[in-house]
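S.K.: structure_27.csv (CSV, C-alpha atoms) pasted underneath:
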chain,number,residue,atom,x,y,z
A,1,MET,CA,4.7,6.2,15.3
A,2,THR,CA,2.6,5.8,18.5
A,3,ASN,CA,-0.4,8.2,18.6
A,4,THR,CA,-1.4,8.7,22.2
A,5,ASP,CA,-4.7,10.4,21.4
A,6,HIS,CA,-6.2,7.4,19.6
A,7,ARG,CA,-6.7,4.1,21.5
A,8,VAL,CA,-7.0,0.7,19.9
A,9,GLN,CA,-7.2,-3.0,21.0
A,10,GLY,CA,-3.8,-4.3,22.1
A,11,LEU,CA,-2.4,-7.8,21.8
A,12,ASP,CA,-3.5,-8.7,25.3
A,13,ASN,CA,-7.1,-7.4,24.7
A,14,ASP,CA,-6.1,-4.2,26.4
A,15,ASP,CA,-6.5,-0.6,25.5
A,16,VAL,CA,-3.3,0.9,24.0
A,17,ALA,CA,-2.1,3.9,22.1
A,18,ALA,CA,-2.6,3.5,18.3
A,19,ASP,CA,0.4,3.1,16.0
A,20,TRP,CA,-1.4,5.1,13.4
A,21,PRO,CA,-3.1,8.5,13.8
A,22,ALA,CA,-6.9,8.6,13.6
A,23,ILE,CA,-8.4,9.9,10.4
A,24,ASP,CA,-9.1,13.6,11.0
A,25,ASP,CA,-11.2,16.4,9.4
A,26,ALA,CA,-8.4,17.7,7.2
A,27,GLU,CA,-7.8,14.3,5.8
A,28,LEU,CA,-11.5,13.8,5.2
A,29,ALA,CA,-11.6,17.1,3.4
A,30,TRP,CA,-8.9,16.0,1.0
A,31,LEU,CA,-10.7,12.6,0.5
A,32,ARG,CA,-13.9,14.4,-0.4
A,33,GLY,CA,-12.2,15.6,-3.5
A,34,GLN,CA,-11.2,12.1,-4.5
A,35,TYR,CA,-14.3,10.1,-4.0
A,36,PRO,CA,-17.8,10.9,-5.4
A,37,ALA,CA,-19.4,9.1,-2.5
A,38,LEU,CA,-18.0,11.7,-0.1
A,39,GLU,CA,-19.7,14.7,-1.6
A,40,GLY,CA,-21.4,17.1,0.7
A,41,ASP,CA,-20.9,17.7,4.4
A,42,CYS,CA,-19.0,14.8,5.9
A,43,HIS,CA,-18.0,14.0,9.4
A,44,VAL,CA,-16.5,11.1,11.3
A,45,VAL,CA,-19.0,9.2,13.5
A,46,TRP,CA,-16.8,6.3,14.7
A,47,HIS,CA,-13.1,5.4,14.8
A,48,SER,CA,-12.3,1.7,14.5
A,49,PRO,CA,-10.3,0.2,17.4
A,50,ARG,CA,-8.5,-2.3,15.1
A,51,PRO,CA,-4.8,-1.8,15.4
A,52,PHE,CA,-3.1,-2.5,12.0
A,53,SER,CA,-4.5,0.5,10.1
A,54,ALA,CA,-6.7,3.6,10.8
A,55,ALA,CA,-10.3,3.3,9.9
A,56,ALA,CA,-13.4,5.4,10.4
A,57,LEU,CA,-17.1,5.4,9.7
A,58,VAL,CA,-18.1,8.7,8.1
A,59,GLU,CA,-21.5,10.3,7.5
A,60,CYS,CA,-22.2,12.3,4.4
A,61,GLY,CA,-25.8,13.5,4.4
A,62,SER,CA,-27.9,10.4,4.5
A,63,ARG,CA,-25.1,8.1,3.5
A,64,ARG,CA,-22.4,6.4,5.5
A,65,CYS,CA,-19.1,5.1,4.2
A,66,PHE,CA,-16.1,3.3,5.8
A,67,ILE,CA,-12.7,4.8,5.2
A,68,LYS,CA,-9.6,2.6,5.8
A,69,ARG,CA,-6.1,4.1,5.6
A,70,HIS,CA,-2.9,2.0,5.5
A,71,HIS,CA,0.8,3.0,5.7
A,72,ARG,CA,2.3,2.6,2.2
A,73,SER,CA,4.9,0.2,3.7
A,74,VAL,CA,2.0,-2.2,4.5
A,75,ARG,CA,-0.4,-1.7,1.6
A,76,THR,CA,0.2,0.0,-1.7
A,77,ALA,CA,-2.7,0.7,-4.0
A,78,ASP,CA,-1.7,-2.2,-6.2
A,79,VAL,CA,-1.6,-4.6,-3.2
A,80,LEU,CA,-5.1,-3.4,-2.0
A,81,ALA,CA,-6.4,-3.9,-5.6
A,82,GLU,CA,-5.6,-7.6,-5.1
A,83,GLU,CA,-8.1,-7.8,-2.3
A,84,HIS,CA,-10.7,-5.7,-4.2
A,85,ARG,CA,-10.6,-7.9,-7.3
A,86,PHE,CA,-11.4,-10.9,-5.1
A,87,ILE,CA,-14.2,-9.1,-3.5
A,88,ALA,CA,-15.6,-8.1,-6.9
A,89,HIS,CA,-15.4,-11.8,-8.0
A,90,LEU,CA,-17.4,-12.9,-4.9
A,91,ALA,CA,-20.0,-10.1,-5.4
A,92,ALA,CA,-20.5,-11.2,-9.1
A,93,ALA,CA,-21.1,-14.8,-7.7
A,94,GLY,CA,-23.9,-13.5,-5.4
A,95,LEU,CA,-22.0,-13.4,-2.1
A,96,PRO,CA,-23.1,-10.6,0.3
A,97,VAL,CA,-19.7,-8.9,0.4
A,98,VAL,CA,-18.9,-5.3,1.3
A,99,GLN,CA,-19.1,-2.9,-1.6
A,100,VAL,CA,-15.7,-1.3,-2.5
A,101,LEU,CA,-16.3,2.3,-3.8
A,102,GLN,CA,-14.4,3.9,-6.7
A,103,ALA,CA,-12.5,7.1,-6.7
A,104,CYS,CA,-13.1,9.8,-9.3
A,105,ASP,CA,-10.6,8.1,-11.6
A,106,GLY,CA,-12.2,4.7,-11.3
A,107,ALA,CA,-9.5,3.3,-8.9
A,108,THR,CA,-10.5,1.4,-5.8
A,109,ALA,CA,-7.4,2.4,-3.9
A,110,ILE,CA,-5.5,5.7,-3.9
A,111,ALA,CA,-2.1,6.8,-2.6
A,112,HIS,CA,-1.4,10.1,-1.0
A,113,GLY,CA,2.0,10.8,0.6
A,114,ASP,CA,2.8,8.0,3.1
A,115,TRP,CA,-0.8,6.6,3.0
A,116,THR,CA,-3.0,4.4,0.9
A,117,TYR,CA,-6.8,4.7,1.1
A,118,GLU,CA,-9.8,2.5,0.4
A,119,LEU,CA,-13.4,3.4,0.7
A,120,HIS,CA,-16.3,0.9,1.3
A,121,ALA,CA,-20.0,1.5,1.5
A,122,GLN,CA,-21.5,0.8,4.9
A,123,GLY,CA,-22.4,-2.8,4.9
A,124,ASP,CA,-26.0,-4.0,5.3
A,125,GLY,CA,-26.9,-5.5,8.7
A,126,HIS,CA,-26.0,-5.1,12.4
A,127,ASP,CA,-22.4,-5.3,13.6
A,128,LEU,CA,-23.2,-7.6,16.5
A,129,TYR,CA,-19.6,-8.2,17.3
A,130,ARG,CA,-18.1,-4.8,16.6
A,131,ASP,CA,-16.4,-4.5,20.0
A,132,SER,CA,-15.1,-8.1,20.0
A,133,PRO,CA,-11.4,-8.6,19.4
A,134,SER,CA,-10.4,-11.2,16.7
A,135,TRP,CA,-9.6,-13.8,19.3
A,136,THR,CA,-12.9,-13.7,21.2
A,137,PRO,CA,-14.8,-16.9,20.9
A,138,LEU,CA,-18.3,-17.0,19.4
A,139,GLY,CA,-20.8,-17.7,22.0
A,140,ASP,CA,-23.8,-18.9,19.9
A,141,ALA,CA,-23.6,-22.4,18.3
A,142,ALA,CA,-26.5,-21.5,15.9
A,143,GLN,CA,-24.6,-18.5,14.7
A,144,ALA,CA,-21.5,-20.6,14.3
A,145,ARG,CA,-23.4,-23.0,12.0
A,146,THR,CA,-24.6,-20.0,10.0
A,147,ALA,CA,-21.0,-18.7,9.8
A,148,GLY,CA,-19.7,-22.1,8.7
A,149,ALA,CA,-22.3,-22.3,5.9
A,150,MET,CA,-21.5,-18.8,4.6
A,151,LEU,CA,-17.8,-19.7,4.5
A,152,ALA,CA,-18.6,-22.8,2.5
A,153,ARG,CA,-20.6,-20.6,0.1
A,154,LEU,CA,-17.6,-18.3,-0.2
A,155,HIS,CA,-15.4,-21.3,-1.1
A,156,LEU,CA,-17.8,-22.5,-3.8
A,157,ALA,CA,-17.6,-19.0,-5.3
A,158,SER,CA,-13.9,-18.6,-5.0
A,159,ALA,CA,-13.2,-22.0,-6.7
A,160,SER,CA,-13.3,-20.2,-10.1
A,161,TYR,CA,-11.0,-17.4,-9.0
A,162,PRO,CA,-7.5,-17.9,-10.6
A,163,ALA,CA,-5.5,-15.0,-9.3
A,164,PRO,CA,-1.9,-15.6,-8.2
A,165,GLN,CA,-0.4,-15.4,-4.7
A,166,ARG,CA,-0.4,-12.0,-3.0
A,167,SER,CA,2.5,-9.7,-3.7
A,168,THR,CA,3.2,-9.2,0.0
A,169,HIS,CA,3.8,-11.2,3.2
A,170,LEU,CA,2.9,-8.4,5.5
A,171,LEU,CA,-0.4,-9.1,7.4
A,172,VAL,CA,-1.5,-11.7,4.9
A,173,ALA,CA,-2.5,-15.2,6.0
A,174,ARG,CA,-0.5,-17.2,3.4
A,175,ASP,CA,0.1,-21.0,3.7
A,176,ASP,CA,3.5,-21.2,1.8
A,177,LEU,CA,5.4,-22.5,4.8
A,178,ILE,CA,2.8,-25.0,5.8
A,179,ARG,CA,2.5,-26.4,2.3
A,180,ALA,CA,6.3,-26.7,2.0
A,181,HIS,CA,8.1,-30.0,2.4
A,182,ASP,CA,10.8,-28.2,4.3
A,183,PRO,CA,9.4,-25.0,6.0
A,184,LEU,CA,12.8,-24.1,7.6
A,185,SER,CA,14.6,-24.1,4.2
A,186,LEU,CA,11.9,-22.1,2.6
A,187,LEU,CA,11.9,-19.5,5.4
A,188,GLN,CA,15.7,-19.2,5.2
A,189,ARG,CA,15.4,-18.5,1.5
A,190,GLU,CA,12.8,-15.8,2.1
A,191,LEU,CA,14.6,-13.8,4.7
A,192,PRO,CA,16.8,-11.7,2.4
A,193,ASP,CA,13.6,-10.3,0.9
A,194,ARG,CA,12.0,-9.8,4.4
A,195,PRO,CA,14.5,-7.7,6.3
A,196,GLY,CA,12.2,-6.9,9.2
A,197,LEU,CA,11.6,-10.6,9.9
A,198,ALA,CA,15.3,-11.4,9.3
A,199,SER,CA,16.3,-8.8,11.8
A,200,TYR,CA,14.1,-10.2,14.5
A,201,LEU,CA,14.9,-13.8,13.8
A,202,SER,CA,18.6,-13.1,14.0
A,203,ARG,CA,18.2,-12.6,17.7
A,204,GLN,CA,16.2,-15.9,18.2
A,205,GLN,CA,17.1,-19.6,18.0
A,206,TRP,CA,14.3,-19.8,15.5
A,207,GLU,CA,15.3,-23.0,13.8
A,208,HIS,CA,15.5,-24.8,17.1
A,209,ASP,CA,12.2,-23.1,18.2
A,210,LEU,CA,10.3,-24.2,15.1
A,211,GLN,CA,11.8,-27.7,15.2
A,212,ARG,CA,10.5,-28.1,18.8
A,213,ALA,CA,7.1,-26.4,18.6
A,214,VAL,CA,5.9,-26.5,15.0
A,215,LEU,CA,7.7,-29.1,12.9
A,216,PRO,CA,6.2,-32.2,14.8
A,217,TRP,CA,2.7,-31.0,13.9
A,218,HIS,CA,3.8,-30.1,10.4
A,219,ALA,CA,5.3,-33.6,9.9
A,220,ALA,CA,1.9,-35.1,10.8
A,221,LEU,CA,0.4,-33.4,7.7
A,222,GLY,CA,2.7,-35.4,5.4
A,223,ASP,CA,1.8,-34.8,1.7
A,224,ARG,CA,-1.9,-34.4,2.4
A,225,LEU,CA,-2.0,-30.6,2.5
A,226,ALA,CA,0.2,-30.2,-0.5
A,227,ALA,CA,-2.5,-32.2,-2.4
A,228,GLU,CA,-5.3,-29.9,-1.3
A,229,PRO,CA,-6.4,-27.6,-4.2
A,230,VAL,CA,-5.3,-24.0,-3.9
A,231,LEU,CA,-8.3,-21.8,-3.3
A,232,TRP,CA,-8.6,-18.1,-2.3
A,233,GLY,CA,-9.9,-17.8,1.2
A,234,HIS,CA,-11.0,-15.0,3.5
A,235,ASN,CA,-8.4,-16.2,6.0
A,236,ASP,CA,-9.8,-14.1,8.9
A,237,TRP,CA,-13.2,-15.6,9.3
A,238,HIS,CA,-14.2,-14.2,12.7
A,239,VAL,CA,-17.7,-13.1,13.6
A,240,SER,CA,-16.5,-9.5,14.1
A,241,ASN,CA,-15.9,-9.5,10.3
A,242,LEU,CA,-19.6,-10.3,9.6
A,243,LEU,CA,-22.7,-8.2,9.7
A,244,TRP,CA,-26.0,-9.8,10.7
A,245,HIS,CA,-29.8,-9.5,10.3
A,246,GLY,CA,-31.6,-10.5,13.5
A,247,HIS,CA,-30.3,-11.8,16.8
A,248,GLY,CA,-29.6,-15.1,18.5
A,249,ALA,CA,-30.2,-18.5,16.9
A,250,THR,CA,-32.2,-17.1,14.0
A,251,ALA,CA,-29.7,-14.4,12.9
A,252,SER,CA,-28.5,-14.5,9.3
A,253,ILE,CA,-25.4,-13.0,7.7
A,254,ALA,CA,-26.0,-9.9,5.8
A,255,THR,CA,-22.5,-8.7,4.8
A,256,VAL,CA,-19.0,-10.2,4.8
A,257,PHE,CA,-16.1,-7.7,5.1
A,258,ASP,CA,-12.4,-7.2,6.0
A,259,PHE,CA,-10.6,-9.2,3.3
A,260,GLY,CA,-7.2,-7.8,4.3
A,261,LEU,CA,-5.7,-11.3,5.1
A,262,ALA,CA,-7.2,-12.9,2.0
A,263,SER,CA,-4.9,-15.0,-0.3
A,264,PRO,CA,-4.8,-18.3,-2.2
A,265,THR,CA,-4.5,-21.0,0.5
A,266,SER,CA,-7.1,-23.8,0.7
A,267,ALA,CA,-10.6,-24.4,1.9
A,268,LEU,CA,-9.3,-26.4,4.8
A,269,PHE,CA,-6.9,-23.7,5.8
A,270,ASP,CA,-9.7,-21.1,5.8
A,271,LEU,CA,-12.0,-23.4,7.8
A,272,ALA,CA,-9.2,-24.2,10.3
A,273,THR,CA,-8.5,-20.5,10.7
A,274,ALA,CA,-12.2,-19.9,11.4
A,275,ILE,CA,-12.1,-22.5,14.2
A,276,GLU,CA,-8.9,-21.0,15.6
A,277,ARG,CA,-10.5,-17.5,15.6
A,278,ASN,CA,-13.9,-18.4,16.9
A,279,ALA,CA,-13.6,-21.5,19.1
A,280,ILE,CA,-10.6,-20.8,21.4
A,281,ALA,CA,-10.4,-18.1,24.1
A,282,TRP,CA,-6.8,-17.2,23.4
A,283,LEU,CA,-7.1,-13.9,25.3
A,284,ASP,CA,-8.7,-15.3,28.4
A,285,ALA,CA,-6.7,-13.9,31.2
A,286,GLY,CA,-8.3,-16.0,33.9
A,287,GLY,CA,-7.9,-19.6,34.8
A,288,ASP,CA,-5.1,-21.8,33.6
A,289,GLY,CA,-4.9,-20.6,30.0
A,290,PRO,CA,-7.0,-20.6,26.8
A,291,VAL,CA,-10.3,-22.4,26.9
A,292,ALA,CA,-11.5,-24.4,23.9
A,293,HIS,CA,-15.2,-24.3,22.9
A,294,ALA,CA,-15.6,-27.6,21.0
A,295,ASP,CA,-19.3,-27.0,20.5
A,296,ILE,CA,-18.5,-23.8,18.5
A,297,ALA,CA,-15.8,-25.7,16.4
A,298,LEU,CA,-18.2,-28.5,15.7
A,299,ALA,CA,-21.0,-26.1,14.8
A,300,LEU,CA,-18.7,-24.3,12.3
A,301,LEU,CA,-17.8,-27.6,10.8
A,302,ALA,CA,-21.4,-28.8,10.6
A,303,GLY,CA,-22.6,-25.7,9.0
A,304,TYR,CA,-19.8,-25.8,6.5
A,305,ARG,CA,-20.5,-29.5,5.6
A,306,GLN,CA,-24.2,-28.7,5.0
A,307,VAL,CA,-23.2,-26.5,2.0
A,308,ARG,CA,-19.8,-28.0,0.9
A,309,PRO,CA,-19.4,-31.6,2.0
A,310,LEU,CA,-16.1,-32.8,3.4
A,311,GLY,CA,-15.1,-36.4,3.6
A,312,ALA,CA,-13.7,-38.1,6.6
A,313,ALA,CA,-10.1,-37.8,5.4
A,314,GLN,CA,-10.6,-34.1,4.9
A,315,VAL,CA,-11.9,-33.6,8.4
A,316,HIS,CA,-8.9,-35.5,9.9
A,317,LEU,CA,-6.6,-33.3,7.8
A,318,LEU,CA,-8.5,-30.2,9.1
A,319,ALA,CA,-7.8,-31.3,12.7
A,320,ASP,CA,-4.2,-32.0,12.0
A,321,LEU,CA,-3.8,-28.6,10.3
A,322,LEU,CA,-5.2,-26.6,13.2
A,323,PRO,CA,-2.0,-26.5,15.4
A,324,VAL,CA,0.0,-25.0,12.5
A,325,VAL,CA,-2.5,-22.9,10.6
A,326,HIS,CA,-1.2,-19.7,12.1
A,327,LEU,CA,2.4,-20.2,11.1
A,328,ASP,CA,2.8,-17.9,8.1
A,329,PHE,CA,0.6,-15.2,9.6
A,330,ALA,CA,2.3,-15.2,12.9
A,331,LEU,CA,5.6,-14.6,11.2
A,332,SER,CA,4.0,-11.8,9.1
A,333,GLU,CA,3.0,-10.1,12.4
A,334,VAL,CA,6.6,-10.5,13.7
A,335,GLU,CA,7.7,-8.8,10.5
A,336,TYR,CA,5.2,-6.0,10.8
A,337,PHE,CA,6.0,-5.2,14.4
A,338,GLN,CA,9.8,-5.4,13.9
A,339,GLY,CA,10.1,-3.8,10.5
A,340,VAL,CA,7.1,-1.4,10.3
A,341,THR,CA,6.1,-0.1,13.7
A,342,GLY,CA,9.4,-0.7,15.4
A,343,SER,CA,7.9,-2.5,18.4
A,344,PRO,CA,10.2,-5.3,19.6
A,345,ALA,CA,7.9,-5.9,22.5
A,346,ASN,CA,4.9,-6.6,20.2
A,347,ALA,CA,7.2,-8.7,18.0
A,348,ASP,CA,8.0,-10.8,21.0
A,349,VAL,CA,4.3,-11.4,21.7
A,350,ALA,CA,3.8,-12.4,18.0
A,351,TYR,CA,6.7,-14.8,18.1
A,352,HIS,CA,6.6,-16.3,21.6
A,353,THR,CA,2.9,-16.1,22.5
A,354,PHE,CA,1.3,-16.4,19.1
A,355,LEU,CA,3.7,-18.5,16.9
A,356,LEU,CA,5.2,-20.8,19.5
A,357,GLY,CA,2.5,-20.5,22.2
A,358,HIS,CA,-0.4,-21.4,20.1
A,359,ALA,CA,1.4,-24.5,18.7
A,360,ASP,CA,2.4,-25.6,22.2
A,361,TRP,CA,-1.2,-25.2,23.5
A,362,PHE,CA,-2.5,-27.9,21.2
A,363,ALA,CA,-0.2,-30.4,23.0
A,364,SER,CA,-2.0,-29.5,26.3
A,365,ARG,CA,-5.0,-31.5,27.6
A,366,PRO,CA,-7.6,-28.9,26.4
A,367,GLY,CA,-5.8,-28.6,23.1
A,368,ARG,CA,-5.7,-32.3,22.5
A,369,ALA,CA,-9.4,-32.6,23.5
A,370,LEU,CA,-10.4,-30.1,20.9
A,371,LEU,CA,-8.4,-32.0,18.2
A,372,ASP,CA,-10.0,-35.3,19.4
A,373,ALA,CA,-13.5,-33.8,19.1
A,374,LEU,CA,-12.8,-32.7,15.5
A,375,HIS,CA,-11.3,-36.1,14.6
A,376,ALA,CA,-14.4,-37.8,16.1
A,377,ALA,CA,-16.6,-35.7,13.8
A,378,ALA,CA,-15.1,-37.3,10.7
Mind turning the file's structure into structure tokens?
M.R.:
Amino acid sequence: MTNTDHRVQGLDNDDVAADWPAIDDAELAWLRGQYPALEGDCHVVWHSPRPFSAAALVECGSRRCFIKRHHRSVRTADVLAEEHRFIAHLAAAGLPVVQVLQACDGATAIAHGDWTYELHAQGDGHDLYRDSPSWTPLGDAAQARTAGAMLARLHLASASYPAPQRSTHLLVARDDLIRAHDPLSLLQRELPDRPGLASYLSRQQWEHDLQRAVLPWHAALGDRLAAEPVLWGHNDWHVSNLLWHGHGATASIATVFDFGLASPTSALFDLATAIERNAIAWLDAGGDGPVAHADIALALLAGYRQVRPLGAAQVHLLADLLPVVHLDFALSEVEYFQGVTGSPANADVAYHTFLLGHADWFASRPGRALLDALHAAA
């Protein structure tokens, strides 16, 4: 599936050939007949470097829209509609979320051949972190506090959203395994319905690997996470998924976008994911390994608590959750690379570097120091 003419961000923060072809003029011509917002002379002005789908910013007269195209094996129109209904709920509650545009038939996602499309209005604000990969730490503590506060606002709004679990595991940040009393047994039961993941794990000593790297952290959670209320989260709260007004310490968030990983998890899961995404330099190739930015983690937490207070017990649980918050999503990446794009090398990175490596890092001195800083904030 590799498309050598289109380059995207790789797993090592490198420049690699895209798995999916870039959106071209012929495709845009077809889409113009499907979406009223694409009327008139349209052309692509920017291709997104994100790797899991193809996306482009298009200009139609004085209006700009964002087209995102998924392979049907990853997102069907029905699966995308799950995300769009959540966005609509947040918009109705007053959150500054991206506007999903309707096709001529009123649908918010359409299928055509092997592809599924969605169209968003260009979000308000500046994309200050457009070129930042999802694992690049946030460098401004004031912006981290602002991001934490907006995440809390999102959770207050999503508390009244009752939709069930997502209908797919692929590239969705679920927390099923983390909440489970016995994650290994649950994963074993899921494998017949997840052939890509089953194929990869059949070549690994995965039960031994998870028992060594993940289960000790999971055991520390006890029954506390299971008691946390289920709540839909963004689940990919990185500053590259936010648009801003202003710069520096006074910047405010104008638009929240990219809800592809959203699912019913918990508020603490979503906040732990935000810390994982924004406060640890996972892709840092220099030095002795990832660098933790405790000031950013604590700023995210402080901003969050200003809007949605957390008790001491919840903050302790947040810290204990952090080493395993990536479990379900890392396995979904393994499933995607093995079963969809046919890339065993990328599946290896998702399994060994992401799933196992991130859990192992928290046992290191810098990892323990970050967890201690969060515990001390309780």
S.K.: For Thr136 of chain A, which residue among A:Asp124, A:Glu276, A:Asp348, A:Glu82 is the nearest when counting all atoms listed in the file?
M.R.: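 Using all atoms listed in the file, the shortest distance to Thr136 of chain A belongs to A:Glu276.
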S.K.: What is the distance between atom CA of Thr146 of chain A and atom CA of His247 of chain A, in Å to one decimal?
M.R.: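 For atom CA of Thr146 of chain A relative to atom CA of His247 of chain A, the distance reads 12.1 Å.
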S.K.: Between atom CA of Leu374 of chain A and atom CA of Ile178 of chain A, measure the distance and give it in Å to one decimal.
M.R.: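 That distance, rounded to one decimal, is 19.9 Å.
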S.K.: Determine the nearest neighbour of His238 of chain A from the options A:Thr273, A:Thr341, A:Ser73, A:Asn346, counting all atoms listed in the file.
M.R.: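 For His238 of chain A, the nearest of the given residues is A:Thr273.
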S.K.: Of the candidates A:Asp193, A:Glu83, A:Asp25, A:Asp19, which one gets nearest to Ala262 of chain A if we count all atoms listed in the file?
M.R.: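 So, comparing all the options, the nearest one is A:Glu83.
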S.K.: Could you please determine the separation between atom CA of Val44 of chain A and atom CA of Asp236 of chain A in Å, to one decimal place?
M.R.: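 Distance reported for this atom pair: 26.2 Å.
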S.K.: Excluding Leu170 of chain A and residues on its chain fewer than 5 positions from it, collect all residues at most 8 Å away from it, counting all atoms listed in the file, and give them as a PyMOL selection string.
M.R.: chain A and resi 74+332-333+335-336
S.K.: With only C-alpha atoms as the basis for distance, which of A:His155, A:Arg224, A:His126, A:His169 is at the shortest distance from Pro309 of chain A?
M.R.: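 Among the listed residues, the smallest separation from Pro309 of chain A belongs to A:His155.
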S.K.: Mind listing whatever residues come within 12 Å of the point (-23.7, -3.6, 9.3)? Use all atoms listed in the file, file coordinates, and give them as JSON, numbers by chain.
M.R.: {"A": [57, 64, 65, 66, 96, 97, 98, 99, 120, 121, 122, 123, 124, 125, 126, 127, 128, 129, 130, 240, 241, 242, 243, 244, 245, 246, 252, 253, 254, 255, 256, 257]}
S.K.: Around the point (3.3, -25.5, 22.0), in the coordinates given by the file, pick out the residues reaching within 10 Å, counting only C-alpha atoms, and return them as a list in words.
M.R.: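 Using only C-alpha atoms, the matching residues come out as Asp209, Leu210, Arg212, Ala213, Val214, Trp217, Pro323, His352, Thr353, Phe354, Leu355, Leu356, Gly357, His358, Ala359, Asp360, Trp361, Phe362, Ala363, Ser364 and Gly367 of chain A.
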S.K.: For a quick check of understanding, using all atoms listed in the file, which of A:Gln211, A:Gly342, A:His71, A:Leu31 has the smallest distance to Ser185 of chain A?
M.R.: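 Closest to Ser185 of chain A, using all atoms listed in the file: A:Gln211.
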S.K.: Using only C-alpha atoms, which residues of segment 177-271 of chain A come within 10 Å of segment 84-94 of chain A, and what is the closest atom pair for each, with the distance in Å to one decimal? Give it as CSV, sorted by chain and residue number.
M.R.:
residue,atom,partner,partner_atom,distance
A:Trp232,CA,A:Phe86,CA,8.2
A:Gly233,CA,A:Phe86,CA,9.5
A:His234,CA,A:Phe86,CA,9.5
A:Val256,CA,A:Ile87,CA,9.7
A:Phe257,CA,A:Ile87,CA,8.9
A:Asp258,CA,A:Ile87,CA,9.9
A:Phe259,CA,A:Ile87,CA,7.7
A:Gly260,CA,A:His84,CA,9.4
A:Ala262,CA,A:Phe86,CA,8.5
A:Ser263,CA,A:Phe86,CA,9.1
